[in-house]
$ cat entry16.cif   # mmCIF, C-alpha atoms
data_protein
#
loop_
_atom_site.label_atom_id
_atom_site.label_comp_id
_atom_site.auth_asym_id
_atom_site.auth_seq_id
_atom_site.Cartn_x
_atom_site.Cartn_y
_atom_site.Cartn_z
CA MET A 1 -155.35 -42.29 293.56
CA LYS A 2 -157.27 -45.56 294.04
CA LEU A 3 -154.49 -47.38 292.22
CA ILE A 4 -151.97 -46.06 294.75
CA VAL A 5 -154.13 -47.34 297.61
CA VAL A 6 -154.29 -50.81 296.06
CA LEU A 7 -150.55 -50.94 295.48
CA ALA A 8 -149.86 -49.65 298.99
CA ALA A 9 -152.08 -52.40 300.41
CA ALA A 10 -150.15 -54.99 298.39
CA LEU A 11 -146.84 -53.57 299.62
CA ILE A 12 -148.00 -53.69 303.24
CA ILE A 13 -149.06 -57.32 302.82
CA ILE A 14 -145.65 -58.15 301.33
CA ALA A 15 -143.90 -56.31 304.17
CA ILE A 16 -145.84 -58.30 306.76
CA ASP A 17 -145.64 -61.77 305.24
CA VAL A 18 -142.37 -62.03 303.32
CA PRO A 19 -140.03 -61.90 306.37
CA TYR A 20 -142.01 -64.79 307.86
CA LEU A 21 -141.74 -66.81 304.65
CA LYS A 22 -138.00 -66.10 304.35
CA ARG A 23 -137.22 -66.90 307.96
CA ASN A 24 -138.81 -70.35 307.82
CA LYS A 25 -137.26 -71.30 304.44
CA LEU A 26 -140.47 -72.75 303.10
CA LYS A 27 -140.73 -74.07 299.55
CA LYS A 28 -144.36 -74.22 298.54
CA GLU A 29 -145.74 -71.34 300.60
CA PRO A 30 -144.07 -68.44 298.71
CA TRP A 31 -145.62 -69.66 295.45
CA VAL A 32 -149.11 -69.93 296.91
CA PHE A 33 -148.69 -66.52 298.52
CA THR A 34 -147.49 -64.88 295.30
CA ILE A 35 -150.24 -66.38 293.15
CA LEU A 36 -152.99 -65.39 295.58
CA LEU A 37 -151.55 -61.88 295.97
CA LEU A 38 -151.38 -61.44 292.18
CA ILE A 39 -155.02 -62.52 291.88
CA GLY A 40 -155.95 -60.10 294.67
CA VAL A 41 -154.10 -57.15 293.15
CA GLY A 42 -155.46 -57.93 289.68
CA LEU A 43 -159.04 -58.10 290.91
CA SER A 44 -158.64 -54.92 292.96
CA ILE A 45 -157.25 -52.96 290.01
CA ALA A 46 -159.99 -54.27 287.72
CA TYR A 47 -162.56 -53.26 290.33
CA THR A 48 -161.19 -49.76 290.83
CA PHE A 49 -161.27 -49.10 287.08
CA ASN A 50 -164.84 -50.48 286.84
CA LEU A 51 -163.80 -53.22 284.44
CA PRO A 52 -166.49 -55.88 283.92
CA LEU A 53 -165.68 -58.75 286.29
CA PRO A 54 -167.40 -62.09 285.80
CA ASN A 55 -169.72 -62.92 288.68
CA PRO A 56 -169.36 -66.62 289.57
CA LEU A 57 -172.57 -66.55 291.61
CA ARG A 58 -174.62 -66.25 288.42
CA GLY A 59 -173.10 -69.45 287.05
CA ILE A 60 -173.59 -71.36 290.31
CA ASN A 61 -177.20 -70.19 290.45
CA THR A 62 -177.82 -71.38 286.91
CA ILE A 63 -176.27 -74.79 287.55
CA LEU A 64 -178.25 -75.32 290.75
CA GLN A 65 -181.51 -73.87 289.41
CA PRO A 66 -183.25 -77.20 288.57
CA LEU A 67 -182.51 -78.52 292.06
CA SER A 68 -183.56 -75.36 293.89
CA HIS A 69 -186.78 -75.01 291.88
CA TYR A 70 -187.60 -78.65 292.52
CA ILE A 71 -187.14 -78.23 296.29
CA TYR A 72 -189.08 -74.97 296.28
CA GLU A 73 -192.00 -76.62 294.48
CA LEU A 74 -191.81 -79.59 296.84
CA LEU A 75 -191.97 -77.51 300.01
CA THR A 76 -194.46 -74.77 299.16
CA MET B 77 -150.57 -79.09 309.02
CA LEU B 78 -149.21 -78.32 312.45
CA GLU B 79 -151.79 -76.34 314.33
CA ASN B 80 -151.30 -77.15 317.99
CA GLU B 81 -153.78 -74.63 319.28
CA LYS B 82 -156.35 -75.86 321.78
CA ILE B 83 -159.47 -74.11 323.04
CA SER B 84 -161.55 -74.95 326.10
CA VAL B 85 -165.04 -76.42 326.07
CA HIS B 86 -166.60 -73.18 327.26
CA GLN B 87 -164.90 -71.21 324.49
CA PHE B 88 -166.16 -73.72 321.96
CA ARG B 89 -169.71 -73.35 323.29
CA VAL B 90 -169.52 -69.58 322.89
CA LEU B 91 -168.25 -69.97 319.31
CA VAL B 92 -171.13 -72.35 318.48
CA THR B 93 -173.62 -69.88 319.95
CA PHE B 94 -172.24 -66.96 317.96
CA PHE B 95 -172.23 -69.09 314.83
CA THR B 96 -175.88 -70.04 315.33
CA ILE B 97 -176.94 -66.45 316.06
CA GLY B 98 -174.90 -64.84 313.28
CA THR B 99 -177.17 -63.19 310.76
CA SER B 100 -180.30 -64.89 312.05
CA ILE B 101 -181.14 -62.14 314.55
CA LEU B 102 -181.02 -59.20 312.17
CA VAL B 103 -181.84 -60.38 308.67
CA TYR B 104 -183.66 -63.68 308.98
CA PRO B 105 -186.83 -62.68 310.89
CA SER B 106 -187.79 -60.78 307.74
CA ILE B 107 -187.14 -63.72 305.39
CA LEU B 108 -189.02 -66.11 307.69
CA ALA B 109 -191.98 -63.74 307.97
CA ARG B 110 -192.10 -63.42 304.19
CA TYR B 111 -192.93 -67.13 303.82
CA ALA B 112 -194.53 -68.09 307.16
CA LYS B 113 -196.33 -64.79 307.96
CA GLN B 114 -197.28 -64.63 311.67
CA ASP B 115 -196.08 -68.21 312.31
CA ALA B 116 -192.41 -67.35 311.86
CA TRP B 117 -191.74 -68.06 315.53
CA LEU B 118 -192.95 -71.66 315.04
CA VAL B 119 -190.38 -72.01 312.27
CA VAL B 120 -187.60 -71.18 314.73
CA ILE B 121 -188.80 -73.84 317.20
CA ILE B 122 -189.05 -76.52 314.50
CA SER B 123 -185.62 -75.66 313.16
CA ILE B 124 -184.04 -75.95 316.61
CA GLY B 125 -185.46 -79.51 316.73
CA ILE B 126 -184.12 -80.38 313.27
CA GLY B 127 -180.86 -78.65 314.14
CA LEU B 128 -180.34 -80.98 317.11
CA ALA B 129 -180.69 -83.96 314.76
CA VAL B 130 -178.15 -82.42 312.37
CA ILE B 131 -175.72 -81.83 315.25
CA TRP B 132 -176.21 -85.48 316.23
CA MET B 133 -175.07 -86.43 312.73
CA PHE B 134 -172.01 -84.14 313.03
CA SER B 135 -171.08 -85.62 316.40
CA LYS B 136 -171.30 -89.11 314.88
CA ILE B 137 -168.69 -87.96 312.35
CA THR B 138 -166.43 -86.78 315.16
CA GLN B 139 -166.81 -90.13 316.91
CA PHE B 140 -165.83 -92.02 313.78
CA PHE B 141 -162.82 -89.79 313.13
CA PRO B 142 -161.45 -88.40 316.40
CA ASN B 143 -158.53 -85.94 316.37
CA MET B 144 -159.05 -84.95 312.74
CA ASN B 145 -160.53 -81.86 311.19
CA LEU B 146 -162.88 -81.70 308.25
CA ALA B 147 -160.18 -81.54 305.57
CA GLN B 148 -158.38 -84.57 306.98
CA ILE B 149 -161.66 -86.48 307.30
CA ASN B 150 -162.41 -85.73 303.64
CA GLU B 151 -159.07 -87.12 302.53
CA LYS B 152 -159.44 -90.18 304.71
CA VAL B 153 -162.97 -90.98 303.57
CA PHE B 154 -162.88 -90.15 299.86
CA GLY B 155 -159.23 -90.81 299.10
CA LYS B 156 -156.60 -88.26 298.18
CA TRP B 157 -157.91 -86.61 295.03
CA LEU B 158 -161.66 -86.82 295.57
CA GLY B 159 -161.08 -85.72 299.16
CA LYS B 160 -159.10 -82.71 297.99
CA PHE B 161 -161.87 -81.89 295.54
CA PHE B 162 -164.47 -81.93 298.32
CA THR B 163 -162.22 -79.84 300.54
CA PHE B 164 -161.95 -77.37 297.67
CA PHE B 165 -165.75 -77.28 297.49
CA TYR B 166 -165.92 -76.56 301.23
CA VAL B 167 -163.30 -73.81 300.90
CA LEU B 168 -165.26 -72.24 298.05
CA VAL B 169 -168.56 -72.28 299.94
CA ALA B 170 -166.90 -70.86 303.07
CA PHE B 171 -165.36 -68.11 300.94
CA ILE B 172 -168.69 -67.18 299.35
CA ALA B 173 -170.43 -67.28 302.73
CA SER B 174 -167.86 -65.01 304.35
CA ALA B 175 -168.04 -62.61 301.40
CA GLU B 176 -171.79 -62.46 301.80
CA LEU B 177 -171.49 -61.73 305.53
CA LEU B 178 -169.03 -58.96 304.75
CA TYR B 179 -171.45 -57.57 302.18
CA ASN B 180 -174.30 -57.78 304.71
CA SER B 181 -172.41 -55.91 307.40
CA GLY B 182 -171.27 -53.25 304.91
CA THR B 183 -174.79 -52.75 303.59
CA PHE B 184 -176.23 -52.57 307.09
CA PHE B 185 -173.82 -49.86 308.19
CA ARG B 186 -174.23 -47.99 304.96
CA LEU B 187 -178.04 -47.99 305.08
CA ASN B 188 -178.54 -47.23 308.75
CA LEU B 189 -175.52 -45.57 310.30
CA MET B 190 -173.08 -44.11 307.75
CA PRO B 191 -175.00 -43.25 304.59
CA GLU B 192 -172.25 -41.05 303.12
CA THR B 193 -169.35 -43.49 303.44
CA PRO B 194 -168.59 -45.56 300.32
CA VAL B 195 -169.48 -49.17 300.95
CA GLU B 196 -166.00 -50.34 299.89
CA VAL B 197 -164.47 -48.44 302.81
CA LEU B 198 -166.78 -50.22 305.25
CA HIS B 199 -165.82 -53.55 303.68
CA ILE B 200 -162.13 -52.74 304.02
CA MET B 201 -162.49 -51.74 307.67
CA THR B 202 -164.30 -54.96 308.58
CA ALA B 203 -161.90 -57.03 306.50
CA LEU B 204 -158.93 -55.53 308.35
CA LEU B 205 -160.40 -56.63 311.68
CA LEU B 206 -161.12 -60.02 310.14
CA VAL B 207 -157.66 -60.81 308.76
CA MET B 208 -156.11 -59.60 312.00
CA ALA B 209 -158.17 -62.04 314.06
CA VAL B 210 -157.65 -64.98 311.71
CA ARG B 211 -153.90 -64.38 311.50
CA ILE B 212 -153.50 -64.19 315.26
CA GLY B 213 -155.11 -67.56 315.53
CA LEU B 214 -157.82 -69.70 317.01
CA GLU B 215 -156.87 -69.45 320.69
CA THR B 216 -156.86 -65.67 320.74
CA PHE B 217 -160.12 -65.07 318.96
CA SER B 218 -161.82 -67.73 321.06
CA ARG B 219 -160.77 -65.88 324.19
CA ALA B 220 -162.07 -62.65 322.67
CA ALA B 221 -165.35 -64.43 321.91
CA GLU B 222 -165.64 -65.46 325.56
CA LEU B 223 -165.23 -61.83 326.59
CA PHE B 224 -167.65 -60.44 323.99
CA TRP B 225 -170.26 -63.02 324.94
CA VAL B 226 -170.86 -61.21 328.25
CA ILE B 227 -171.26 -57.88 326.45
CA PHE B 228 -173.56 -59.50 323.91
CA ILE B 229 -175.89 -60.86 326.62
CA LEU B 230 -176.00 -57.48 328.39
CA LEU B 231 -176.92 -55.72 325.13
CA PHE B 232 -179.45 -58.39 324.30
CA LEU B 233 -181.25 -57.78 327.61
CA MET B 234 -181.70 -54.14 326.54
CA LEU B 235 -183.86 -55.38 323.67
CA LEU B 236 -186.37 -56.74 326.19
CA PHE B 237 -187.40 -53.14 327.00
CA VAL B 238 -189.67 -53.44 323.98
CA ILE B 239 -192.00 -55.84 325.84
CA PRO B 240 -194.61 -53.14 326.76
CA GLU B 241 -195.24 -52.60 323.03
CA ILE B 242 -196.42 -56.19 322.49
CA LYS B 243 -199.78 -56.75 320.80
CA PHE B 244 -200.94 -60.33 320.96
CA GLN B 245 -203.33 -59.89 318.02
CA ASN B 246 -200.26 -59.88 315.82
CA ILE B 247 -199.55 -63.61 316.07
CA GLN B 248 -203.17 -64.65 315.74
CA PRO B 249 -204.43 -66.76 314.02
CA VAL B 250 -201.83 -69.43 314.69
CA LEU B 251 -201.34 -71.88 311.82
CA GLU B 252 -203.88 -70.10 309.61
CA ASN B 253 -202.85 -71.94 306.45
CA GLY B 254 -201.73 -75.24 307.97
CA VAL B 255 -198.19 -76.56 308.28
CA LYS B 256 -197.20 -76.43 304.62
CA PRO B 257 -196.04 -72.75 304.47
CA LEU B 258 -193.66 -73.45 307.34
CA LEU B 259 -191.57 -76.02 305.45
CA PHE B 260 -189.54 -73.82 303.12
CA PRO B 261 -188.57 -71.16 305.73
CA THR B 262 -187.58 -74.00 308.08
CA LEU B 263 -185.21 -75.30 305.42
CA ILE B 264 -183.75 -71.79 305.03
CA LEU B 265 -183.17 -71.32 308.77
CA VAL B 266 -181.79 -74.84 309.28
CA SER B 267 -179.40 -74.44 306.38
CA VAL B 268 -178.11 -71.05 307.51
CA SER B 269 -177.68 -71.81 311.20
CA THR B 270 -177.05 -75.57 311.48
CA PHE B 271 -176.05 -77.07 308.13
CA ASN B 272 -173.34 -74.44 307.85
CA ALA B 273 -172.12 -75.43 311.33
CA ILE B 274 -170.22 -78.17 309.47
CA TYR B 275 -167.44 -75.58 309.35
CA LEU B 276 -167.11 -75.90 313.12
CA LEU B 277 -165.79 -79.42 312.42
CA MET B 278 -162.69 -77.59 311.21
CA ILE B 279 -161.94 -76.96 314.89
CA PHE B 280 -164.13 -79.34 316.82
CA PRO B 281 -162.53 -82.74 317.41
CA ALA B 282 -158.97 -81.69 316.62
CA SER B 283 -158.54 -78.39 318.49
CA VAL B 284 -160.84 -78.68 321.53
CA SER B 285 -159.20 -79.81 324.74
CA ASN B 286 -161.99 -82.12 325.87
CA PRO B 287 -163.88 -83.71 322.93
CA GLN B 288 -166.44 -85.44 325.17
CA GLY B 289 -167.51 -82.22 326.84
CA ALA B 290 -167.34 -80.36 323.53
CA GLN B 291 -170.02 -82.60 322.09
CA ARG B 292 -172.41 -81.52 324.81
CA ALA B 293 -171.30 -77.92 324.28
CA PHE B 294 -172.28 -78.25 320.61
CA TYR B 295 -175.90 -79.09 321.55
CA ILE B 296 -176.06 -76.47 324.32
CA GLY B 297 -174.59 -73.77 322.08
CA LEU B 298 -177.15 -74.52 319.39
CA ILE B 299 -180.02 -74.36 321.91
CA ILE B 300 -178.85 -71.02 323.37
CA GLY B 301 -178.38 -69.54 319.91
CA GLY B 302 -181.78 -70.88 318.86
CA MET B 303 -183.42 -69.34 321.93
CA ILE B 304 -181.92 -65.93 321.13
CA THR B 305 -183.11 -66.19 317.53
CA PHE B 306 -186.53 -67.27 318.80
CA ILE B 307 -186.85 -64.32 321.20
CA THR B 308 -185.86 -61.82 318.50
CA THR B 309 -188.23 -63.31 315.93
CA ILE B 310 -191.24 -63.52 318.23
CA LEU B 311 -190.64 -59.98 319.52
CA ALA B 312 -190.46 -58.71 315.94
CA ILE B 313 -193.73 -60.44 315.06
CA LEU B 314 -195.48 -59.41 318.29
CA VAL B 315 -194.45 -55.77 318.13
CA LEU B 316 -194.19 -54.97 314.43
CA GLY B 317 -196.64 -57.48 313.01
CA ALA B 318 -195.94 -60.05 310.30
CA ASP B 319 -196.48 -57.70 307.40
CA LEU B 320 -194.04 -55.01 308.51
CA THR B 321 -191.47 -57.62 309.58
CA ALA B 322 -191.57 -59.14 306.11
CA ARG B 323 -191.21 -55.77 304.39
CA THR B 324 -188.35 -54.37 306.47
CA ARG B 325 -184.84 -55.36 305.65
CA PHE B 326 -183.57 -55.31 309.26
CA PRO B 327 -186.57 -55.99 311.55
CA SER B 328 -184.74 -56.11 314.88
CA TYR B 329 -183.20 -52.70 314.16
CA LEU B 330 -186.70 -51.31 313.66
CA LEU B 331 -187.71 -53.17 316.83
CA ALA B 332 -185.08 -51.32 318.85
CA GLN B 333 -186.31 -48.01 317.44
CA LYS B 334 -189.68 -48.78 319.05
CA ILE B 335 -188.15 -48.96 322.54
CA ASN B 336 -189.50 -46.16 324.71
CA VAL B 337 -189.32 -46.42 328.48
CA GLY B 338 -191.11 -43.46 330.05
CA GLU B 339 -190.07 -41.05 327.27
CA PHE B 340 -186.57 -41.36 328.66
CA VAL B 341 -184.82 -44.46 327.32
CA LYS B 342 -185.31 -44.29 323.59
CA ARG B 343 -183.46 -44.37 320.26
CA ILE B 344 -181.13 -47.11 321.46
CA GLU B 345 -181.08 -48.95 318.12
CA VAL B 346 -177.34 -48.53 317.81
CA ILE B 347 -177.13 -51.05 320.64
CA VAL B 348 -178.74 -53.61 318.37
CA ALA B 349 -176.25 -52.67 315.68
CA THR B 350 -173.36 -53.32 318.08
CA MET B 351 -174.83 -56.63 319.22
CA TRP B 352 -175.39 -57.78 315.69
CA PHE B 353 -171.94 -56.71 314.62
CA ILE B 354 -170.38 -58.81 317.41
CA ALA B 355 -172.33 -61.91 316.36
CA VAL B 356 -171.67 -61.44 312.66
CA TYR B 357 -168.00 -60.72 313.27
CA PHE B 358 -167.44 -64.06 315.00
CA LYS B 359 -169.43 -65.95 312.39
CA LEU B 360 -167.33 -64.23 309.74
CA ILE B 361 -164.13 -65.19 311.57
CA LEU B 362 -165.18 -68.84 311.76
CA TYR B 363 -166.05 -69.00 308.05
CA PHE B 364 -162.87 -67.29 306.99
CA TYR B 365 -160.74 -69.35 309.38
CA ALA B 366 -162.28 -72.52 307.93
CA CYS B 367 -161.65 -71.19 304.42
CA CYS B 368 -157.96 -70.39 305.01
CA LEU B 369 -157.24 -73.51 307.07
CA GLY B 370 -158.96 -75.70 304.48
CA LEU B 371 -157.00 -74.06 301.66
CA GLY B 372 -153.75 -74.57 303.57
CA GLN B 373 -154.53 -78.20 304.20
CA MET B 374 -155.63 -78.82 300.64
CA LEU B 375 -152.28 -77.52 299.36
CA ASN B 376 -150.30 -79.27 302.16
CA LEU B 377 -148.89 -76.02 303.52
CA LYS B 378 -147.05 -75.96 306.84
CA SER B 379 -149.18 -73.11 308.15
CA TYR B 380 -152.30 -71.38 306.90
CA ARG B 381 -151.02 -67.92 307.87
CA PRO B 382 -149.36 -66.82 304.57
CA VAL B 383 -152.70 -67.41 302.84
CA VAL B 384 -154.74 -65.11 305.09
CA LEU B 385 -153.78 -61.62 303.89
CA PRO B 386 -154.02 -62.22 300.11
CA MET B 387 -157.28 -64.10 300.61
CA GLY B 388 -158.55 -61.12 302.60
CA MET B 389 -157.77 -58.86 299.66
CA ILE B 390 -159.67 -61.12 297.25
CA LEU B 391 -162.53 -61.35 299.76
CA THR B 392 -162.91 -57.58 299.96
CA VAL B 393 -163.14 -57.20 296.19
CA PHE B 394 -165.52 -60.11 295.90
CA ALA B 395 -167.77 -58.77 298.66
CA SER B 396 -167.97 -55.42 296.86
CA MET B 397 -168.91 -56.89 293.49
CA MET B 398 -170.92 -59.99 294.34
CA PHE B 399 -174.41 -58.47 294.36
CA PRO B 400 -175.26 -55.63 291.96
CA ASN B 401 -178.56 -55.12 293.84
CA VAL B 402 -180.72 -56.43 296.68
CA VAL B 403 -182.99 -58.49 294.45
CA GLN B 404 -179.99 -60.50 293.32
CA GLN B 405 -179.07 -61.14 296.94
CA GLN B 406 -182.55 -62.38 297.82
CA LYS B 407 -182.52 -64.68 294.80
CA TRP B 408 -179.09 -65.99 295.77
CA ASP B 409 -180.10 -66.49 299.42
CA THR B 410 -183.12 -68.61 298.60
CA GLU B 411 -181.66 -70.45 295.60
CA GLY B 412 -177.91 -70.78 295.16
CA MET B 413 -176.65 -70.39 298.72
CA LEU B 414 -179.46 -72.54 300.08
CA MET B 415 -178.51 -75.41 297.78
CA LEU B 416 -174.79 -74.98 298.41
CA SER B 417 -175.27 -75.21 302.18
CA ASN B 418 -177.61 -78.17 301.79
CA ILE B 419 -174.95 -80.01 299.81
CA ALA B 420 -172.06 -78.94 302.05
CA GLY B 421 -173.82 -79.40 305.38
CA GLY B 422 -176.48 -82.00 304.68
CA PHE B 423 -175.58 -84.30 301.82
CA LEU B 424 -171.78 -84.66 302.13
CA PRO B 425 -171.79 -85.21 305.95
CA LEU B 426 -174.46 -87.89 305.47
CA LEU B 427 -172.15 -89.55 302.95
CA ILE B 428 -169.25 -89.33 305.43
CA VAL B 429 -171.38 -90.89 308.20
CA ILE B 430 -172.42 -93.79 305.94
CA VAL B 431 -168.85 -94.45 304.83
CA GLY B 432 -167.62 -94.16 308.43
CA TYR B 433 -170.26 -96.64 309.58
CA PHE B 434 -169.24 -99.25 307.01
CA ARG B 435 -165.55 -98.73 307.75
CA ARG B 436 -166.12 -99.34 311.41
CA ARG B 437 -168.11 -102.53 310.71
CA LYS B 438 -165.34 -103.85 308.50
CA ALA B 439 -162.63 -103.12 311.04
#

$ encode --input "entry16.cif" --output "structure tokens"
Amino acid sequence: MKLIVVLAAALIIIAIDVPYLKRNKLKKEPWVFTILLLIGVGLSIAYTFNLPLPNPLRGINTILQPLSHYIYELLT
Amino acid sequence: MLENEKISVHQFRVLVTFFTIGTSILVYPSILARYAKQDAWLVVIISIGIGLAVIWMFSKITQFFPNMNLAQINEKVFGKWLGKFFTFFYVLVAFIASAELLYNSGTFFRLNLMPETPVEVLHIMTALLLVMAVRIGLETFSRAAELFWVIFILLFLMLLFVIPEIKFQNIQPVLENGVKPLLFPTLILVSVSTFNAIYLLMIFPASVSNPQGAQRAFYIGLIIGGMITFITTILAILVLGADLTARTRFPSYLLAQKINVGEFVKRIEVIVATMWFIAVYFKLILYFYACCLGLGQMLNLKSYRPVVLPMGMILTVFASMMFPNVVQQQKWDTEGMLMLSNIAGGFLPLLIVIVGYFRRRKA
């Protein structure tokens, strides 16, 4: 059921955007659009089936931790 | 990138005000009170002062590089590849920030108004409104912002009905522990309301009809937004007390529940919810617009519009999975996001100003 919703959303997006892309005969835009849409559909399907998705925020937090701890110690 | 849309100075001022208010009226009084206790209102005043200095730095950038937006400035200052890298960084931060706002609005509605609706549905509903506005374009949503500004002010005046509940013991003693506890919350508020205003440079010199007047509008918008944040914070402290403000997740919602005029006007907290949703919606639009426009410019697309809908899909999934629990969000707010906005809104603009200054001296 959830899968159908995701695919329907993707189809609606295609129905809205593809005529615009075709009409203007653009070169680069269809590729960007397709890649982003594939990422979006992939992530949505992974999310609906509760697959483990990597959380990039964890990584960013770990990288910035020395800096943020230093500033926290400095200001409190 | 051929975006020929222009907005008026007044519309720009309204956008700046909404951007400054954003989350700071519903969520931030609690975070400020957690660190500064009963002096949270002082934090707001200090951060308006610092914010004006930050805006001065941003307006210097717009004087050095007129008729360009942030992505173009990046490429001009840092060269093609490094500039694209920095634009990518800005796009990433704008994406994370808009996902967090989406998460915040979803959580707020789920906790207070619609406890039985799955949070994903709330995210999808808000995201639909969001992609619609961003796709239609800058001019249209600026006009909508102008209209909603009037409604916002009317609703905000309703909050003042809480004044009879004020207890002045709640803010005493002022500056009990000295100035030191105020520093870290000031950094948080400055980074969330002014450092992040760097994203307004996506529209400011290039798409505003009168850049001279828009510079003044930038300051005025910040001051109005700061005043509204100040009034909400001091009311929360005066009515609820520092301890309760720090413990509640949404203090101004609780504040509105306290309103009781002659046993007749009461339970009007949904008004606060509406008001907050308007402010957050426009902040969300500005972040997501900056994200899509920056992505389009980074990839040299002719228009940013084909990017909007797929990005909206990714945004919805990301907003639903980004925080497994509230503790993670608090950690992220005071560590990761704080540093990201300091780098994006404090460090990089400073670098741009320095480079711009030397370029002008050489020329």

$ atom_distance --input "entry16.cif" --atom1 "atom CA of Gln333 of chain B" --atom2 "atom CA of Ile97 of chain B"
20.7 Å

$ resolve_selection --input "entry16.cif" --expression "the PyMOL selection byres ((chain A) within 7 of (chain B))" --output "number ranges by chain"
A: 13, 17, 28-29, 33, 36-37, 40, 43-44, 55, 60-61, 64, 68, 72, 75-76

$ resolve_selection --input "entry16.cif" --expression "the PyMOL selection byres ((chain B and resi 306) around 9)" --output "list in words"
Ile101, Trp117, Leu118, Val119, Val120, Ile121, Gly301, Gly302, Met303, Ile304, Thr305, Ile307, Thr308, Thr309, Ile310 and Leu311 of chain B

$ write_last_selection --input "entry16.cif" --atoms "C-alpha atoms" --output "mmCIF file, in the frame of the given file"
data_model
loop_
_atom_site.group_PDB
_atom_site.id
_atom_site.type_symbol
_atom_site.label_atom_id
_atom_site.label_comp_id
_atom_site.auth_asym_id
_atom_site.auth_seq_id
_atom_site.Cartn_x
_atom_site.Cartn_y
_atom_site.Cartn_z
ATOM 1 C CA ILE B 101 -181.140 -62.140 314.550
ATOM 2 C CA TRP B 117 -191.740 -68.060 315.530
ATOM 3 C CA LEU B 118 -192.950 -71.660 315.040
ATOM 4 C CA VAL B 119 -190.380 -72.010 312.270
ATOM 5 C CA VAL B 120 -187.600 -71.180 314.730
ATOM 6 C CA ILE B 121 -188.800 -73.840 317.200
ATOM 7 C CA GLY B 301 -178.380 -69.540 319.910
ATOM 8 C CA GLY B 302 -181.780 -70.880 318.860
ATOM 9 C CA MET B 303 -183.420 -69.340 321.930
ATOM 10 C CA ILE B 304 -181.920 -65.930 321.130
ATOM 11 C CA THR B 305 -183.110 -66.190 317.530
ATOM 12 C CA ILE B 307 -186.850 -64.320 321.200
ATOM 13 C CA THR B 308 -185.860 -61.820 318.500
ATOM 14 C CA THR B 309 -188.230 -63.310 315.930
ATOM 15 C CA ILE B 310 -191.240 -63.520 318.230
ATOM 16 C CA LEU B 311 -190.640 -59.980 319.520
#

$ atom_distance --input "entry16.cif" --atom1 "atom CA of Val195 of chain B" --atom2 "atom CA of Ser181 of chain B"
9.8 Å

$ closest_residue --input "entry16.cif" --among "A:Ala15, A:Leu26, A:Ile71, A:Ile4" --to "Ile45 of chain A" --atoms "all atoms listed in the file"
A:Ile4

$ atom_distance --input "entry16.cif" --atom1 "atom CA of Ala332 of chain B" --atom2 "atom CA of Val266 of chain B"
25.6 Å

$ closest_residue --input "entry16.cif" --among "B:Gly289, B:Pro105, B:Gln373, B:Ala355" --to "Phe232 of chain B" --atoms "only C-alpha atoms"
B:Ala355

$ resolve_selection --input "entry16.cif" --expression "the PyMOL selection byres ((chain A and resi 2) around 9)" --output "PyMOL selection string"
chain A and resi 1+3-7+45+48-49

$ closest_residue --input "entry16.cif" --among "A:Val41, A:Ile35, A:Gly59, A:Leu53" --to "Leu11 of chain A" --atoms "only C-alpha atoms"
A:Val41

$ closest_residue --input "entry16.cif" --among "B:Leu177, B:Ile264, B:Val346, B:Val207" --to "Phe95 of chain B" --atoms "only C-alpha atoms"
B:Leu177
